[in-house]
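Data from upload-v4.txt: compact mmCIF, C-alpha atoms (C1' of nucleotides)
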```txt
# COMPACT_ATOMS: atom_id res chain seq x y z
CA MET A 1254 -10.50 11.52 -10.04
CA ASN A 1255 -7.30 11.35 -11.89
CA SER A 1256 -8.36 12.09 -15.42
CA THR A 1257 -6.52 14.74 -17.23
CA SER A 1258 -8.12 17.20 -19.49
CA GLY A 1259 -6.36 16.03 -22.52
CA GLY A 1260 -3.21 14.74 -21.01
CA GLY A 1261 -4.23 12.44 -18.29
CA GLU A 1262 -5.63 9.16 -17.37
CA ILE A 1263 -9.25 8.29 -16.88
CA ASP A 1264 -10.73 7.30 -13.58
CA ARG A 1265 -10.79 3.53 -13.72
CA GLY A 1266 -11.44 3.07 -10.03
CA GLY A 1267 -8.12 1.50 -9.24
CA GLU A 1268 -7.97 -0.96 -12.09
CA ALA A 1269 -4.52 -1.28 -13.66
CA PRO A 1270 -4.62 -2.53 -17.26
CA ALA A 1271 -1.71 -4.43 -18.68
CA ASN A 1272 0.74 -2.45 -20.76
CA GLU A 1273 -0.14 0.77 -19.02
CA PRO A 1274 0.86 3.79 -21.09
CA ARG A 1275 3.06 6.41 -19.50
CA TRP A 1276 0.41 8.56 -17.87
CA LEU A 1277 1.24 12.06 -16.83
CA THR A 1278 2.60 12.58 -13.34
CA HIS A 1279 0.68 14.72 -10.92
CA ASP A 1280 2.93 17.69 -11.62
CA GLU A 1281 2.66 17.20 -15.35
CA GLN A 1282 -1.11 17.09 -15.15
CA ARG A 1283 -1.19 20.29 -13.18
CA ALA A 1284 1.10 21.95 -15.69
CA TRP A 1285 -0.86 20.66 -18.66
CA ARG A 1286 -4.20 21.84 -17.38
CA ALA A 1287 -2.83 25.20 -16.36
CA TYR A 1288 -1.27 25.57 -19.76
CA LEU A 1289 -4.49 24.70 -21.57
CA ASP A 1290 -6.49 27.19 -19.54
CA ALA A 1291 -3.92 29.95 -19.83
CA ASN A 1292 -3.67 29.42 -23.51
CA ARG A 1293 -7.37 29.51 -24.11
CA LEU A 1294 -7.79 32.67 -22.07
CA LEU A 1295 -4.82 34.35 -23.68
CA VAL A 1296 -5.84 33.59 -27.24
CA GLU A 1297 -9.39 34.60 -26.48
CA ALA A 1298 -8.36 37.93 -24.97
CA ILE A 1299 -6.07 38.76 -27.85
CA ASP A 1300 -8.53 37.72 -30.52
CA GLN A 1301 -11.31 39.71 -28.94
CA GLU A 1302 -9.22 42.83 -28.69
CA LEU A 1303 -8.10 42.64 -32.31
CA GLN A 1304 -11.53 41.74 -33.59
CA ARG A 1305 -12.97 44.72 -31.81
CA ASP A 1306 -10.27 47.23 -32.69
CA ALA A 1307 -9.18 46.07 -36.14
CA GLY A 1308 -11.90 43.71 -37.31
CA ILE A 1309 -9.53 40.81 -37.91
CA PRO A 1310 -8.46 37.75 -35.93
CA HIS A 1311 -4.95 37.47 -34.56
CA THR A 1312 -3.87 35.07 -37.30
CA TYR A 1313 -4.61 37.76 -39.88
CA TYR A 1314 -2.77 40.34 -37.86
CA GLU A 1315 0.26 38.08 -37.93
CA ILE A 1316 0.04 37.87 -41.70
CA LEU A 1317 0.12 41.65 -41.93
CA VAL A 1318 3.10 41.77 -39.60
CA ARG A 1319 5.07 39.23 -41.65
CA LEU A 1320 4.33 41.14 -44.81
CA SER A 1321 5.34 44.43 -43.21
CA GLU A 1322 8.69 42.89 -42.34
CA ALA A 1323 9.41 41.46 -45.78
CA PRO A 1324 11.53 43.32 -48.32
CA GLY A 1325 9.21 45.55 -50.32
CA ARG A 1326 6.44 44.39 -48.01
CA ARG A 1327 5.77 41.53 -50.40
CA LEU A 1328 6.14 37.78 -50.16
CA ARG A 1329 5.33 34.72 -52.19
CA MET A 1330 2.24 32.96 -50.87
CA SER A 1331 4.21 29.91 -49.86
CA GLU A 1332 6.86 31.94 -48.10
CA LEU A 1333 4.18 33.88 -46.32
CA ALA A 1334 2.55 30.64 -45.26
CA GLU A 1335 5.81 29.35 -43.88
CA ALA A 1336 6.60 32.62 -42.11
CA ALA A 1337 3.24 32.53 -40.39
CA THR A 1338 3.30 28.78 -39.64
CA ALA A 1339 0.19 28.33 -41.72
CA SER A 1340 -0.98 25.98 -44.44
CA ARG A 1341 -1.20 27.19 -48.02
CA SER A 1342 -4.90 26.64 -47.99
CA ARG A 1343 -5.32 28.83 -44.96
CA MET A 1344 -3.17 31.49 -46.55
CA SER A 1345 -5.26 31.47 -49.69
CA HIS A 1346 -8.45 32.00 -47.76
CA ALA A 1347 -6.91 34.59 -45.47
CA VAL A 1348 -5.31 36.64 -48.22
CA ALA A 1349 -8.55 36.51 -50.19
CA ARG A 1350 -10.30 38.15 -47.29
CA LEU A 1351 -7.55 40.68 -46.67
CA GLU A 1352 -7.67 41.51 -50.36
CA VAL A 1353 -11.37 42.28 -50.16
CA MET A 1354 -10.58 44.59 -47.27
CA GLY A 1355 -8.01 46.31 -49.46
CA TRP A 1356 -5.15 45.56 -47.09
CA VAL A 1357 -3.30 43.11 -49.29
CA ARG A 1358 -2.90 42.88 -53.05
CA ARG A 1359 -2.12 39.77 -55.06
CA ASP A 1360 0.30 40.14 -57.96
CA GLU A 1361 1.56 37.63 -60.47
CA CYS A 1362 5.01 36.29 -59.78
CA PRO A 1363 7.43 37.41 -62.51
CA THR A 1364 9.68 34.36 -62.27
CA ASP A 1365 7.18 31.56 -61.80
CA ARG A 1366 3.83 31.67 -63.47
CA ARG A 1367 2.35 29.32 -60.90
CA GLY A 1368 3.18 31.78 -58.19
CA GLN A 1369 1.40 34.67 -56.56
CA VAL A 1370 2.96 37.48 -54.59
CA ALA A 1371 1.05 38.95 -51.68
CA ALA A 1372 1.81 42.63 -51.15
CA LEU A 1373 0.82 44.78 -48.20
CA THR A 1374 -0.99 47.88 -49.43
CA ASP A 1375 -0.57 51.31 -47.89
CA GLU A 1376 -4.02 50.91 -46.40
CA GLY A 1377 -2.94 47.59 -44.92
CA PHE A 1378 0.16 49.11 -43.43
CA ALA A 1379 -1.84 51.97 -42.00
CA ALA A 1380 -4.30 49.54 -40.49
CA LEU A 1381 -1.45 47.63 -38.93
CA GLU A 1382 0.04 50.79 -37.50
CA ALA A 1383 -3.32 51.75 -36.11
CA ALA A 1384 -3.94 48.38 -34.53
CA ALA A 1385 -0.48 47.77 -33.09
CA PRO A 1386 -0.48 49.90 -29.93
CA ALA A 1387 -3.68 48.47 -28.48
CA HIS A 1388 -2.63 45.01 -29.47
CA VAL A 1389 0.80 45.24 -27.90
CA ASP A 1390 -0.78 46.67 -24.82
CA CYS A 1391 -3.11 43.70 -24.66
CA VAL A 1392 -0.23 41.23 -25.00
CA ARG A 1393 1.73 43.09 -22.38
CA ARG A 1394 -1.05 43.27 -19.85
CA SER A 1395 -2.22 39.72 -20.44
CA LEU A 1396 1.15 38.07 -20.44
CA PHE A 1397 4.39 39.92 -19.84
CA ASP A 1398 3.23 42.13 -17.01
CA GLN A 1399 2.43 38.93 -15.14
CA LEU A 1400 5.88 37.41 -15.59
CA THR A 1401 9.34 37.99 -14.15
CA PRO A 1402 12.26 38.34 -16.59
CA ASP A 1403 13.32 34.81 -15.66
CA GLN A 1404 9.89 33.53 -16.53
CA VAL A 1405 10.05 35.25 -19.90
CA ASP A 1406 13.29 33.43 -20.59
CA ALA A 1407 11.81 30.17 -19.39
CA LEU A 1408 8.78 30.62 -21.62
CA ARG A 1409 11.00 31.14 -24.63
CA GLU A 1410 13.16 28.13 -23.83
CA ILE A 1411 10.16 25.90 -23.28
CA SER A 1412 8.58 27.09 -26.51
CA GLU A 1413 11.77 26.62 -28.47
CA ALA A 1414 12.09 23.09 -27.17
CA VAL A 1415 8.60 22.29 -28.42
CA VAL A 1416 9.19 23.93 -31.79
CA ARG A 1417 12.47 22.09 -32.20
CA HIS A 1418 10.72 18.79 -31.79
CA LEU A 1419 7.60 19.40 -33.89
CA MET B 1428 12.53 45.06 -39.01
CA ASN B 1429 11.28 45.21 -35.51
CA SER B 1430 7.66 44.24 -35.91
CA THR B 1431 6.30 41.58 -33.69
CA SER B 1432 3.98 38.96 -34.86
CA GLY B 1433 1.23 40.09 -32.65
CA GLY B 1434 3.23 41.55 -29.88
CA GLY B 1435 5.61 43.92 -31.46
CA GLU B 1436 6.07 47.19 -33.06
CA ILE B 1437 5.90 48.00 -36.72
CA ASP B 1438 8.86 49.16 -38.70
CA ARG B 1439 8.48 52.90 -38.79
CA GLY B 1440 11.98 53.53 -40.02
CA GLY B 1441 13.22 55.20 -36.89
CA GLU B 1442 10.33 57.54 -36.38
CA ALA B 1443 9.34 57.95 -32.75
CA PRO B 1444 5.71 59.05 -32.31
CA ALA B 1445 4.65 60.94 -29.23
CA ASN B 1446 3.12 58.90 -26.47
CA GLU B 1447 4.85 55.73 -27.59
CA PRO B 1448 3.16 52.63 -26.21
CA ARG B 1449 5.23 50.21 -24.21
CA TRP B 1450 6.53 48.03 -27.03
CA LEU B 1451 7.88 44.61 -26.27
CA THR B 1452 11.57 44.30 -25.50
CA HIS B 1453 13.73 42.18 -27.71
CA ASP B 1454 13.58 39.29 -25.27
CA GLU B 1455 9.84 39.59 -24.94
CA GLN B 1456 9.42 39.55 -28.68
CA ARG B 1457 11.50 36.43 -28.99
CA ALA B 1458 9.51 34.75 -26.24
CA TRP B 1459 6.20 35.82 -27.74
CA ARG B 1460 6.97 34.54 -31.20
CA ALA B 1461 8.37 31.29 -29.89
CA TYR B 1462 5.29 30.85 -27.77
CA LEU B 1463 2.95 31.49 -30.68
CA ASP B 1464 4.73 29.00 -32.88
CA ALA B 1465 5.01 26.35 -30.20
CA ASN B 1466 1.40 26.74 -29.36
CA ARG B 1467 0.22 26.44 -32.91
CA LEU B 1468 2.30 23.33 -33.53
CA LEU B 1469 1.28 21.74 -30.26
CA VAL B 1470 -2.43 22.31 -30.71
CA GLU B 1471 -2.21 21.14 -34.28
CA ALA B 1472 -0.40 17.92 -33.38
CA ILE B 1473 -2.82 17.10 -30.60
CA ASP B 1474 -5.90 17.92 -32.62
CA GLN B 1475 -4.72 15.82 -35.52
CA GLU B 1476 -3.99 12.82 -33.36
CA LEU B 1477 -7.38 12.95 -31.67
CA GLN B 1478 -9.23 13.61 -34.87
CA ARG B 1479 -7.60 10.60 -36.44
CA ASP B 1480 -7.93 8.23 -33.50
CA ALA B 1481 -11.18 9.33 -31.92
CA GLY B 1482 -12.89 11.48 -34.52
CA ILE B 1483 -13.23 14.48 -32.23
CA PRO B 1484 -11.23 17.66 -31.65
CA HIS B 1485 -9.33 18.18 -28.44
CA THR B 1486 -11.95 20.54 -27.04
CA TYR B 1487 -14.50 17.74 -27.23
CA TYR B 1488 -12.11 15.33 -25.59
CA GLU B 1489 -11.79 17.75 -22.71
CA ILE B 1490 -15.53 17.83 -22.32
CA LEU B 1491 -15.61 14.07 -22.01
CA VAL B 1492 -12.82 14.19 -19.43
CA ARG B 1493 -14.62 16.76 -17.31
CA LEU B 1494 -17.78 14.72 -17.42
CA SER B 1495 -15.91 11.54 -16.51
CA GLU B 1496 -14.58 13.28 -13.42
CA ALA B 1497 -17.91 14.65 -12.24
CA PRO B 1498 -19.98 12.85 -9.61
CA GLY B 1499 -22.23 10.44 -11.45
CA ARG B 1500 -20.45 11.50 -14.63
CA ARG B 1501 -23.04 14.26 -15.04
CA LEU B 1502 -22.88 18.02 -14.92
CA ARG B 1503 -25.13 20.97 -15.54
CA MET B 1504 -24.43 22.58 -18.89
CA SER B 1505 -23.22 25.77 -17.29
CA GLU B 1506 -20.98 23.93 -14.84
CA LEU B 1507 -19.58 21.91 -17.68
CA ALA B 1508 -18.92 25.08 -19.62
CA GLU B 1509 -17.08 26.59 -16.71
CA ALA B 1510 -15.09 23.42 -16.05
CA ALA B 1511 -13.95 23.37 -19.66
CA THR B 1512 -13.34 27.14 -19.88
CA ALA B 1513 -15.91 27.34 -22.67
CA SER B 1514 -18.87 29.54 -23.50
CA ARG B 1515 -22.37 28.24 -23.06
CA SER B 1516 -22.98 28.56 -26.74
CA ARG B 1517 -19.98 26.44 -27.53
CA MET B 1518 -21.09 23.86 -25.02
CA SER B 1519 -24.55 23.69 -26.55
CA HIS B 1520 -23.15 23.03 -29.99
CA ALA B 1521 -20.54 20.59 -28.73
CA VAL B 1522 -22.90 18.56 -26.58
CA ALA B 1523 -25.36 18.45 -29.46
CA ARG B 1524 -22.73 16.78 -31.57
CA LEU B 1525 -21.57 14.43 -28.82
CA GLU B 1526 -25.20 13.51 -28.28
CA VAL B 1527 -25.57 12.53 -31.93
CA MET B 1528 -22.50 10.34 -31.51
CA GLY B 1529 -24.17 8.70 -28.52
CA TRP B 1530 -21.40 9.70 -26.14
CA VAL B 1531 -23.35 12.21 -24.08
CA ARG B 1532 -27.00 12.34 -23.09
CA ARG B 1533 -28.99 15.42 -22.14
CA ASP B 1534 -31.45 15.12 -19.25
CA GLU B 1535 -33.80 17.62 -17.72
CA CYS B 1536 -32.60 19.18 -14.52
CA PRO B 1537 -34.84 18.16 -11.61
CA THR B 1538 -34.33 21.34 -9.60
CA ASP B 1539 -34.39 23.99 -12.30
CA ARG B 1540 -36.64 23.67 -15.26
CA ARG B 1541 -34.43 25.94 -17.33
CA GLY B 1542 -31.55 23.59 -16.81
CA GLN B 1543 -30.12 20.66 -18.67
CA VAL B 1544 -27.79 18.01 -17.33
CA ALA B 1545 -25.19 16.51 -19.61
CA ALA B 1546 -24.37 12.90 -18.76
CA LEU B 1547 -21.54 10.80 -20.12
CA THR B 1548 -22.92 7.55 -21.55
CA ASP B 1549 -21.19 4.20 -21.21
CA GLU B 1550 -20.28 4.46 -24.88
CA GLY B 1551 -18.79 7.87 -24.23
CA PHE B 1552 -16.76 6.58 -21.33
CA ALA B 1553 -15.55 3.65 -23.40
CA ALA B 1554 -14.55 5.99 -26.20
CA LEU B 1555 -12.64 8.12 -23.74
CA GLU B 1556 -10.85 5.09 -22.35
CA ALA B 1557 -9.99 3.99 -25.85
CA ALA B 1558 -8.66 7.38 -26.89
CA ALA B 1559 -6.71 8.23 -23.77
CA PRO B 1560 -3.50 6.20 -24.19
CA ALA B 1561 -2.63 7.50 -27.64
CA HIS B 1562 -3.61 11.00 -26.63
CA VAL B 1563 -1.48 11.00 -23.49
CA ASP B 1564 1.36 9.61 -25.49
CA CYS B 1565 1.02 12.45 -27.96
CA VAL B 1566 1.04 15.05 -25.19
CA ARG B 1567 4.01 13.40 -23.59
CA ARG B 1568 6.07 13.15 -26.75
CA SER B 1569 5.13 16.63 -27.98
CA LEU B 1570 5.60 18.45 -24.73
CA PHE B 1571 6.82 16.80 -21.56
CA ASP B 1572 9.52 14.64 -23.07
CA GLN B 1573 11.09 17.86 -24.33
CA LEU B 1574 11.14 19.54 -20.92
CA THR B 1575 13.15 19.20 -17.75
CA PRO B 1576 11.25 18.90 -14.44
CA ASP B 1577 12.18 22.50 -13.71
CA GLN B 1578 10.69 23.58 -16.98
CA VAL B 1579 7.49 21.74 -16.20
CA ASP B 1580 7.25 23.68 -12.97
CA ALA B 1581 8.03 26.91 -14.76
CA LEU B 1582 5.35 26.23 -17.36
CA ARG B 1583 2.80 25.69 -14.65
CA GLU B 1584 3.78 28.83 -12.78
CA ILE B 1585 3.71 30.93 -15.92
CA SER B 1586 0.33 29.53 -16.89
CA GLU B 1587 -1.10 30.08 -13.45
CA ALA B 1588 0.06 33.66 -13.48
CA VAL B 1589 -1.79 34.23 -16.75
CA VAL B 1590 -4.93 32.48 -15.56
CA ARG B 1591 -4.89 34.45 -12.32
CA HIS B 1592 -4.95 37.68 -14.24
CA LEU B 1593 -7.49 36.82 -16.93
C1' DT C 428 9.71 15.74 -77.34
C1' DG C 429 6.91 13.60 -74.11
C1' DA C 430 5.49 11.23 -69.93
C1' DA C 431 5.70 11.10 -65.09
C1' DC C 432 6.15 13.68 -61.31
C1' DC C 433 6.50 17.53 -58.30
C1' DT C 434 5.27 22.22 -56.76
C1' DC C 435 2.19 26.47 -56.36
C1' DC C 436 -1.97 27.87 -55.29
C1' DT C 437 -7.02 27.73 -55.25
C1' DT C 438 -11.54 25.89 -54.35
C1' DG C 439 -15.56 23.90 -52.01
C1' DA C 440 -17.40 21.25 -48.45
C1' DG C 441 -17.60 20.17 -43.69
C1' DA C 442 -16.73 21.29 -38.93
C1' DG C 443 -16.07 24.25 -34.79
C1' DT C 444 -16.33 28.89 -32.70
C1' DT C 445 -18.30 33.29 -31.88
C1' DC C 446 -21.75 36.64 -31.59
C1' DA C 447 -26.17 38.37 -31.22
C1' DA C 448 -30.79 37.33 -30.70
C1' DC C 449 -34.38 34.76 -28.45
C1' DT C 450 -37.30 31.62 -25.24
C1' DA C 451 -38.19 29.95 -20.88
C1' DT C 452 -37.61 30.09 -16.14
C1' DT C 453 -36.27 31.92 -11.76
C1' DC C 454 -35.17 35.60 -8.59
C1' DC C 455 -36.10 39.77 -6.16
C1' DG C 456 -37.94 44.02 -4.56
C1' DA C 457 -42.05 47.02 -4.05
C1' DT D 336 -48.18 38.98 -6.13
C1' DC D 337 -46.78 41.54 -9.72
C1' DG D 338 -43.20 43.21 -12.88
C1' DG D 339 -38.50 43.90 -14.04
C1' DA D 340 -34.09 41.96 -14.07
C1' DA D 341 -31.06 38.19 -14.06
C1' DT D 342 -29.99 33.35 -15.40
C1' DA D 343 -30.02 28.85 -18.30
C1' DG D 344 -29.69 27.26 -22.45
C1' DT D 345 -30.51 27.18 -27.55
C1' DT D 346 -30.31 28.74 -32.23
C1' DG D 347 -28.75 30.58 -36.74
C1' DA D 348 -25.63 33.29 -39.27
C1' DA D 349 -21.02 34.66 -40.20
C1' DC D 350 -16.42 33.46 -40.04
C1' DT D 351 -12.13 30.70 -39.91
C1' DC D 352 -9.82 26.44 -40.37
C1' DT D 353 -9.02 21.81 -42.25
C1' DC D 354 -9.09 18.43 -45.60
C1' DA D 355 -9.32 16.48 -50.04
C1' DA D 356 -9.43 17.46 -54.78
C1' DG D 357 -7.98 19.72 -58.76
C1' DG D 358 -5.85 22.91 -62.38
C1' DA D 359 -1.88 24.95 -64.03
C1' DG D 360 2.90 25.42 -64.43
C1' DG D 361 7.68 23.55 -63.80
C1' DT D 362 11.24 19.70 -63.73
C1' DT D 363 13.47 15.55 -64.88
C1' DC D 364 15.04 12.12 -67.71
C1' DA D 365 14.89 8.83 -71.34
```
In structure tokens, how does this file's structure come out?
Amino acid sequence: MNSTSGGGEIDRGGEAPANEPRWLTHDEQRAWRAYLDANRLLVEAIDQELQRDAGIPHTYYEILVRLSEAPGRRLRMSELAEAATASRSRMSHAVARLEVMGWVRRDECPTDRRGQVAALTDEGFAALEAAAPAHVDCVRRSLFDQLTPDQVDALREISEAVVRHL
Amino acid sequence: MNSTSGGGEIDRGGEAPANEPRWLTHDEQRAWRAYLDANRLLVEAIDQELQRDAGIPHTYYEILVRLSEAPGRRLRMSELAEAATASRSRMSHAVARLEVMGWVRRDECPTDRRGQVAALTDEGFAALEAAAPAHVDCVRRSLFDQLTPDQVDALREISEAVVRHL
DNA sequence: TGAACCTCCTTGAGAGTTCAACTATTCCGA
DNA sequence: TCGGAATAGTTGAACTCTCAAGGAGGTTCA
């Protein structure tokens, strides 16, 4: 048994093919599997909490946060997409839904007639304010309460290394 | 601007409500946002590679790996779900699709007539073998090549702490 | 001016996940 | 052994994401 869930080799019963790719080491496999599990559980916990308390997935919550931080609480669709690390298509669908909820409004862009400006409504801001405490609490309990300050730093450095490369 | 994309507070302009929740510290916010971005990019890269090369998402790849590791390359649906950190519903849908592809077979369980046993077919095993090298390479390039051995250990410890709690 | 090209955003289809039933079977206590 | 509760797994609907396609508006350059 030396297959890795996603990162590792398959059990070939001792056979060693020519031109063997660089399989993961034992330590890397352990890290990879732990990471996959942690990630799944973390995302699941956070999504569930937000879905229950605010009726939106975490990705939508992030959109509201980015808008709340922008000057005038408004952002071009493409800028919003970039700020949230999302595709334009995803942003279109997401904003369409948030618009139906009354949390975001779509205005024409005054300087570029192709453009649209997404604006956080007062209702949207209120919803964000209402959802934030429970959400932060969930993030804290699920993640940061389990880590030492050094581990928080390490997590950031590891993440930044990955972002830098991709 | 001190909102956190999912972990942080909202800009209230200096107002300090009673019973303030434990917001994230500056360092925690940085770590959280970096983690979210890294995670999104990583999952996206890995899913794209597998979708292109094997025609399945990473979650399905993991199912094949778990089956390949099981004795006789077969596992009860519920055991498979647990091994892959997935819900039973998800496993039902996923195995249904893998069955259509001819990579997994579903047999009756001899000891429990409610049960089903998912078995990796020879075609499924071959597909896994074919997909593994490029996949491992993608994981390696996206993640482990960017990390020091100490960071790999740290990632595992952080992940295990999260899993332990959730 | 006009043609080619690029950018902004949307749309619809297809796929995977979740959630809430629902069926069938097994377990367990009176 | 009977009946209620728990367990195994499936199903369909709703939702989100991706991907490919497309419309509309800008930009460039001859």
Residues of chain A near chain C: apply a cut-off of 8 Å, count only C-alpha atoms (C1' of nucleotides), and supply the list as a ChimeraX atom specification.
/A:1330-1331,1341-1342,1345,1367-1369
(-9.2, 37.2, -48.6) in this file's frame - what residues fall within 12 Å of it? Use all atoms listed in the file and give the answer as a CSV table (one decimal) with C-alpha atoms (C1' of nucleotides), in the frame of the given file.
```
chain,number,residue,atom,x,y,z
A,1309,ILE,CA,-9.5,40.8,-37.9
A,1313,TYR,CA,-4.6,37.8,-39.9
A,1316,ILE,CA,0.0,37.9,-41.7
A,1342,SER,CA,-4.9,26.6,-48.0
A,1343,ARG,CA,-5.3,28.8,-45.0
A,1344,MET,CA,-3.2,31.5,-46.6
A,1345,SER,CA,-5.3,31.5,-49.7
A,1346,HIS,CA,-8.4,32.0,-47.8
A,1347,ALA,CA,-6.9,34.6,-45.5
A,1348,VAL,CA,-5.3,36.6,-48.2
A,1349,ALA,CA,-8.6,36.5,-50.2
A,1350,ARG,CA,-10.3,38.2,-47.3
A,1351,LEU,CA,-7.6,40.7,-46.7
A,1352,GLU,CA,-7.7,41.5,-50.4
A,1353,VAL,CA,-11.4,42.3,-50.2
A,1354,MET,CA,-10.6,44.6,-47.3
A,1355,GLY,CA,-8.0,46.3,-49.5
A,1356,TRP,CA,-5.2,45.6,-47.1
A,1357,VAL,CA,-3.3,43.1,-49.3
A,1358,ARG,CA,-2.9,42.9,-53.0
A,1359,ARG,CA,-2.1,39.8,-55.1
A,1371,ALA,CA,1.0,39.0,-51.7
C,437,DT,C1',-7.0,27.7,-55.2
D,350,DC,C1',-16.4,33.5,-40.0
D,351,DT,C1',-12.1,30.7,-39.9
```
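Atom pair CA of Tyr1488 in chain B / CA of Trp1459 in chain B: separated by 27.6 Å.
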Interface residues on chain D facing chain B, 9 Å, all atoms listed in the file, written as a PDB file with C-alpha atoms (C1' of nucleotides), in the frame of the given file:
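Listed below is the output, out11.pdb:
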```pdb
ATOM      1  C1'  DT D 342     -29.990  33.350 -15.400  1.00  0.00           C
ATOM      2  C1'  DA D 343     -30.020  28.850 -18.300  1.00  0.00           C
ATOM      3  C1'  DG D 344     -29.690  27.260 -22.450  1.00  0.00           C
ATOM      4  C1'  DT D 345     -30.510  27.180 -27.550  1.00  0.00           C
TER       5       DT D 345
END
```
Which polymer residues have any atom within 9 Å of an atom of Asn1466 in chain B, counting only C-alpha atoms (C1' of nucleotides), with same-chain residues fewer than 3 positions away left out, as a list in words?
Asn1292, Ser1412, Val1415 and Val1416 of chain A; Ala1461, Tyr1462, Leu1463, Leu1469, Val1470 and Glu1471 of chain B
CA of Glu1413 in chain A to CA of Asp1464 in chain B, straight-line distance in Å
8.6 Å
Draw an axis-aligned box tight on the listed atoms of range 1508-1512 of chain B, then pad every side by 3 Å and write out centre and edge lengths in Å to one decimal as lines of an AutoDock Vina configuration file.
```
center_x = -16.1
center_y = 25.3
center_z = -18.0
size_x = 11.6
size_y = 9.8
size_z = 9.8
```
Can you patch up range 1539-1554 of chain B, filling it in to N, CA and C atoms, and show the result as a JSON list (two decimals), in the frame of the given file?
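Output file out31.json follows:
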```json
[["chain", "number", "residue", "atom", "x", "y", "z"],
["B", 1539, "ASP", "N", -34.26, 22.72, -11.58],
["B", 1539, "ASP", "CA", -34.39, 23.99, -12.30],
["B", 1539, "ASP", "C", -34.86, 23.68, -13.72],
["B", 1540, "ARG", "N", -36.07, 24.09, -13.99],
["B", 1540, "ARG", "CA", -36.64, 23.67, -15.26],
["B", 1540, "ARG", "C", -36.03, 24.36, -16.46],
["B", 1541, "ARG", "N", -35.19, 25.37, -16.22],
["B", 1541, "ARG", "CA", -34.43, 25.94, -17.33],
["B", 1541, "ARG", "C", -33.25, 25.06, -17.69],
["B", 1542, "GLY", "N", -32.85, 24.26, -16.72],
["B", 1542, "GLY", "CA", -31.55, 23.59, -16.81],
["B", 1542, "GLY", "C", -31.55, 22.30, -17.60],
["B", 1543, "GLN", "N", -30.37, 21.93, -18.02],
["B", 1543, "GLN", "CA", -30.12, 20.66, -18.67],
["B", 1543, "GLN", "C", -28.91, 20.03, -17.99],
["B", 1544, "VAL", "N", -28.93, 18.72, -17.89],
["B", 1544, "VAL", "CA", -27.79, 18.01, -17.33],
["B", 1544, "VAL", "C", -27.17, 17.14, -18.41],
["B", 1545, "ALA", "N", -25.90, 17.35, -18.65],
["B", 1545, "ALA", "CA", -25.19, 16.51, -19.61],
["B", 1545, "ALA", "C", -24.61, 15.32, -18.89],
["B", 1546, "ALA", "N", -24.86, 14.13, -19.41],
["B", 1546, "ALA", "CA", -24.37, 12.90, -18.76],
["B", 1546, "ALA", "C", -23.55, 12.09, -19.75],
["B", 1547, "LEU", "N", -22.40, 11.64, -19.30],
["B", 1547, "LEU", "CA", -21.54, 10.80, -20.12],
["B", 1547, "LEU", "C", -22.16, 9.41, -20.21],
["B", 1548, "THR", "N", -22.37, 8.90, -21.39],
["B", 1548, "THR", "CA", -22.92, 7.55, -21.55],
["B", 1548, "THR", "C", -21.81, 6.52, -21.40],
["B", 1549, "ASP", "N", -22.20, 5.25, -21.28],
["B", 1549, "ASP", "CA", -21.19, 4.20, -21.21],
["B", 1549, "ASP", "C", -20.35, 4.16, -22.49],
["B", 1550, "GLU", "N", -21.02, 4.41, -23.61],
["B", 1550, "GLU", "CA", -20.28, 4.46, -24.88],
["B", 1550, "GLU", "C", -19.27, 5.60, -24.86],
["B", 1551, "GLY", "N", -19.69, 6.73, -24.31],
["B", 1551, "GLY", "CA", -18.79, 7.87, -24.23],
["B", 1551, "GLY", "C", -17.60, 7.57, -23.35],
["B", 1552, "PHE", "N", -17.86, 6.91, -22.24],
["B", 1552, "PHE", "CA", -16.76, 6.58, -21.33],
["B", 1552, "PHE", "C", -15.81, 5.59, -21.99],
["B", 1553, "ALA", "N", -16.38, 4.64, -22.70],
["B", 1553, "ALA", "CA", -15.55, 3.65, -23.40],
["B", 1553, "ALA", "C", -14.70, 4.33, -24.47],
["B", 1554, "ALA", "N", -15.30, 5.28, -25.16],
["B", 1554, "ALA", "CA", -14.55, 5.99, -26.20],
["B", 1554, "ALA", "C", -13.40, 6.78, -25.58]]
```
